[in-house]
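K.L.:
Sharing a structure with you now.
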Amino acid sequence: MMREDGTRPNIFSYSAAIWACQKGGQWQQAFTLFQEMSMANIHPDVIAYSALISAFEKGGQWEHALILFQAMPRANIVPNVISYSAAISALEKAGQWQQALTLFEAMSTAQVQPNVISCNAVISACEKGGQWEHALTLFHAIRAINLAPDVISYNAAISACQKGGEWQQALTLFEMMLVMRIRPSVISYNAAISACEKGGQWQQSL
């Protein structure tokens, strides 16, 4: 990679280019740029690592994302909340709920404060894995770390309860959304109605 004015790129220009590839869904190009950094004797920082992990996540390359995340300590790079969130999201999309949960729990050990994105990702991972109890526990833990659940948090938790046949829990969460003035989405309504139907609560579904 060479700038138009002939000057050599630095850590900032490489990181910006990798993020641009991530946003464009070009994980292969992002990986190429990351490799070019090493060949140019430019050591990637946490921003570059996070950008590439995010690119892998967006491209459905969860194994690459996890391998790169695990390589960070060996490169003396401390993962931040963006690194963790991207890796957890990659595992969530791949249905790897156990690994997503393990990585989320590792944030506490590493003294990295989760954000809503990382919380939503691990809740969704548990929902996809049919682990409604884990999903519900994680949902309630969001407030314990002074974060506010958003519509994605509620949807994932309601869907998890719906899949687990816990119609009362699903309905309680749906009602909580209304109390907290969070506007339900189509997903919210569908999950709550489906939960009531599964529980034979057709009156509630109306």
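Scheme for the structure tokens: letters A, B, ... for chains in order shown; per-chain residue numbers from 1; ligand numbers from 1 in order shown.
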Run DSSP on the backbone and give me the residues of range 7-113 of chain A it puts in alpha helix (DSSP H), as a count of residues only.
P.N.:
75
K.L.:
Quick one: residues within 6 Å of Ala157 in chain A, only C-alpha atoms, excluding same-chain residues fewer than 2 positions away - as a list in words?
P.N.:
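Close residues of Ala157 in chain A: Ala135, Leu136, Tyr154, Asn155, Ser159 and Ala160 of chain A.
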K.L.:
If you measure from CA of Trp19 in chain A to CA of Ala65 in chain A, what distance in Å do you get, rounded to one decimal?
P.N.:
14.6 Å
K.L.:
For Gln35 in chain A, work out the shell of residues within 10 Å, counting only C-alpha atoms and skipping chain neighbours fewer than 6 positions away, then give it as an MDAnalysis selection string.
P.N.:
chainID A and resid 29 42 44
K.L.:
Between A:Asn41, A:Ser124, A:Gln131, A:Gln169, which residue has the minimum interatomic distance to Ile152 in chain A, considering only C-alpha atoms?
P.N.:
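Of the candidates, the smallest distance to Ile152 in chain A is held by A:Ser124.
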K.L.:
What gap, in Å, lies between CA of Asp150 in chain A and CA of Ala170 in chain A?
P.N.:
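Spanning CA of Asp150 in chain A to CA of Ala170 in chain A is a straight-line distance of 15.5 Å.
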K.L.:
Nearest residue to Val78 in chain A out of A:Leu52, A:Val112, A:Met180, A:Leu103, using only C-alpha atoms?
P.N.:
A:Val112
K.L.:
Could you tell me which of A:Ala55, A:Ile193, A:Leu33, A:Leu138 comes closest to Trp167 in chain A if we count only C-alpha atoms?
P.N.:
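Checking each candidate against Trp167 in chain A, we get A:Ile193 as the closest.
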K.L.:
May I have the residues within 12 Å of Phe31 in chain A as number ranges by chain, using only C-alpha atoms and disregarding those fewer than 2 positions away in the same chain?
P.N.:
A: 14-15, 17-19, 21-22, 25-29, 33-38, 44, 48-56, 59, 61, 64-65, 68
K.L.:
Give me, please, the distance in Å between CA of Glu197 in chain A and CA of Ala125 in chain A, quoted to one decimal.
P.N.:
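Separation of CA of Glu197 in chain A and CA of Ala125 in chain A: 23.7 Å.
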K.L.:
Pick out the residues sitting within 12 Å of Val81 in chain A, and hand them over as a short mmCIF file (atom, residue, chain, number, x, y, z; two decimals) with C-alpha atoms, in the first residue's frame; count only C-alpha atoms, and ignore anything fewer than 3 positions along from it in its own chain.
P.N.:
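Saved result, out30.cif, follows:
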```cif
data_model
loop_
_atom_site.label_atom_id
_atom_site.label_comp_id
_atom_site.auth_asym_id
_atom_site.auth_seq_id
_atom_site.Cartn_x
_atom_site.Cartn_y
_atom_site.Cartn_z
CA VAL A 46 -4.94 -3.02 19.30
CA ILE A 47 -6.86 -0.90 16.78
CA SER A 50 -9.70 -5.19 16.51
CA SER A 54 -14.30 -7.29 13.18
CA PHE A 69 -7.85 -12.73 19.19
CA VAL A 78 -3.96 -6.18 25.36
CA TYR A 84 -13.74 -8.85 22.81
CA SER A 85 -17.05 -7.72 21.33
CA ALA A 86 -16.00 -8.56 17.78
CA ALA A 87 -14.68 -12.01 18.77
CA ILE A 88 -17.81 -12.81 20.81
CA SER A 89 -20.02 -11.65 17.92
CA LEU A 103 -14.77 -15.27 26.26
CA PHE A 104 -17.37 -13.00 27.85
CA ALA A 106 -12.80 -13.71 30.55
CA MET A 107 -13.53 -9.99 30.23
CA SER A 108 -14.07 -9.77 33.98
CA ALA A 110 -9.01 -9.14 32.29
CA GLN A 111 -10.77 -6.17 33.92
CA VAL A 112 -12.36 -5.13 30.64
CA GLN A 113 -15.79 -3.57 31.12
CA PRO A 114 -18.35 -5.11 28.73
CA ASN A 115 -20.53 -2.85 26.61
CA VAL A 116 -24.05 -3.45 25.30
CA ILE A 117 -22.65 -4.93 22.07
CA SER A 118 -20.66 -7.64 23.86
CA CYS A 119 -23.60 -8.34 26.21
#
```
K.L.:
Which residue is closest to Ile77 in chain A? Choose from A:Glu133, A:Glu63, A:Glu92, A:Asp45 and count only C-alpha atoms.
P.N.:
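Among the listed residues, A:Asp45 lies closest to Ile77 in chain A.
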K.L.:
Just the residues within 10 Å of Gln96 in chain A, please, counting only C-alpha atoms, with nothing from its chain fewer than 3 positions along; format it as a list in words.
P.N.:
Trp62, Ile88, Ser89, Ala90, Leu91, Glu92, Lys93, Gln99, Ala100, Leu101, Val122, Ala125, Cys126, Lys128 and Gly129 of chain A
K.L.:
Considering only C-alpha atoms, can you say which of A:Ala191, A:Ser153, A:Trp97, A:Val186 comes closest to Leu171 in chain A?
P.N.:
A:Ala191
K.L.:
As a PDB file with N, CA and C atoms, in the first residue's frame, please: the residues near Phe174 in chain A (cut-off 8 Å, only C-alpha atoms, same-chain neighbours under 4 positions excluded).
P.N.:
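Result saved to selection_5.pdb:
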```
ATOM      1  N   TYR A 154     -33.380  -7.237  24.676  1.00  0.00           N
ATOM      2  CA  TYR A 154     -34.698  -7.795  24.998  1.00  0.00           C
ATOM      3  C   TYR A 154     -35.107  -8.875  23.989  1.00  0.00           C
ATOM      4  N   ILE A 158     -36.008 -12.612  25.062  1.00  0.00           N
ATOM      5  CA  ILE A 158     -37.374 -13.097  24.826  1.00  0.00           C
ATOM      6  C   ILE A 158     -37.353 -14.318  23.910  1.00  0.00           C
ATOM      7  N   ALA A 170     -40.903 -14.904  29.038  1.00  0.00           N
ATOM      8  CA  ALA A 170     -40.908 -14.128  27.795  1.00  0.00           C
ATOM      9  C   ALA A 170     -41.887 -12.970  27.893  1.00  0.00           C
ATOM     10  N   LEU A 178     -42.019  -2.407  27.693  1.00  0.00           N
ATOM     11  CA  LEU A 178     -43.000  -1.324  27.646  1.00  0.00           C
ATOM     12  C   LEU A 178     -42.831  -0.382  28.829  1.00  0.00           C
ATOM     13  N   PRO A 184     -40.922  -2.042  21.162  1.00  0.00           N
ATOM     14  CA  PRO A 184     -40.733  -3.405  20.641  1.00  0.00           C
ATOM     15  C   PRO A 184     -40.664  -3.404  19.120  1.00  0.00           C
ATOM     16  N   SER A 188     -39.659  -8.691  18.522  1.00  0.00           N
ATOM     17  CA  SER A 188     -40.149  -8.738  19.906  1.00  0.00           C
ATOM     18  C   SER A 188     -41.560  -9.315  19.960  1.00  0.00           C
ATOM     19  N   ALA A 192     -42.678 -13.039  21.503  1.00  0.00           N
ATOM     20  CA  ALA A 192     -43.604 -13.077  22.641  1.00  0.00           C
ATOM     21  C   ALA A 192     -44.870 -13.858  22.293  1.00  0.00           C
TER      22      ALA A 192
END
```
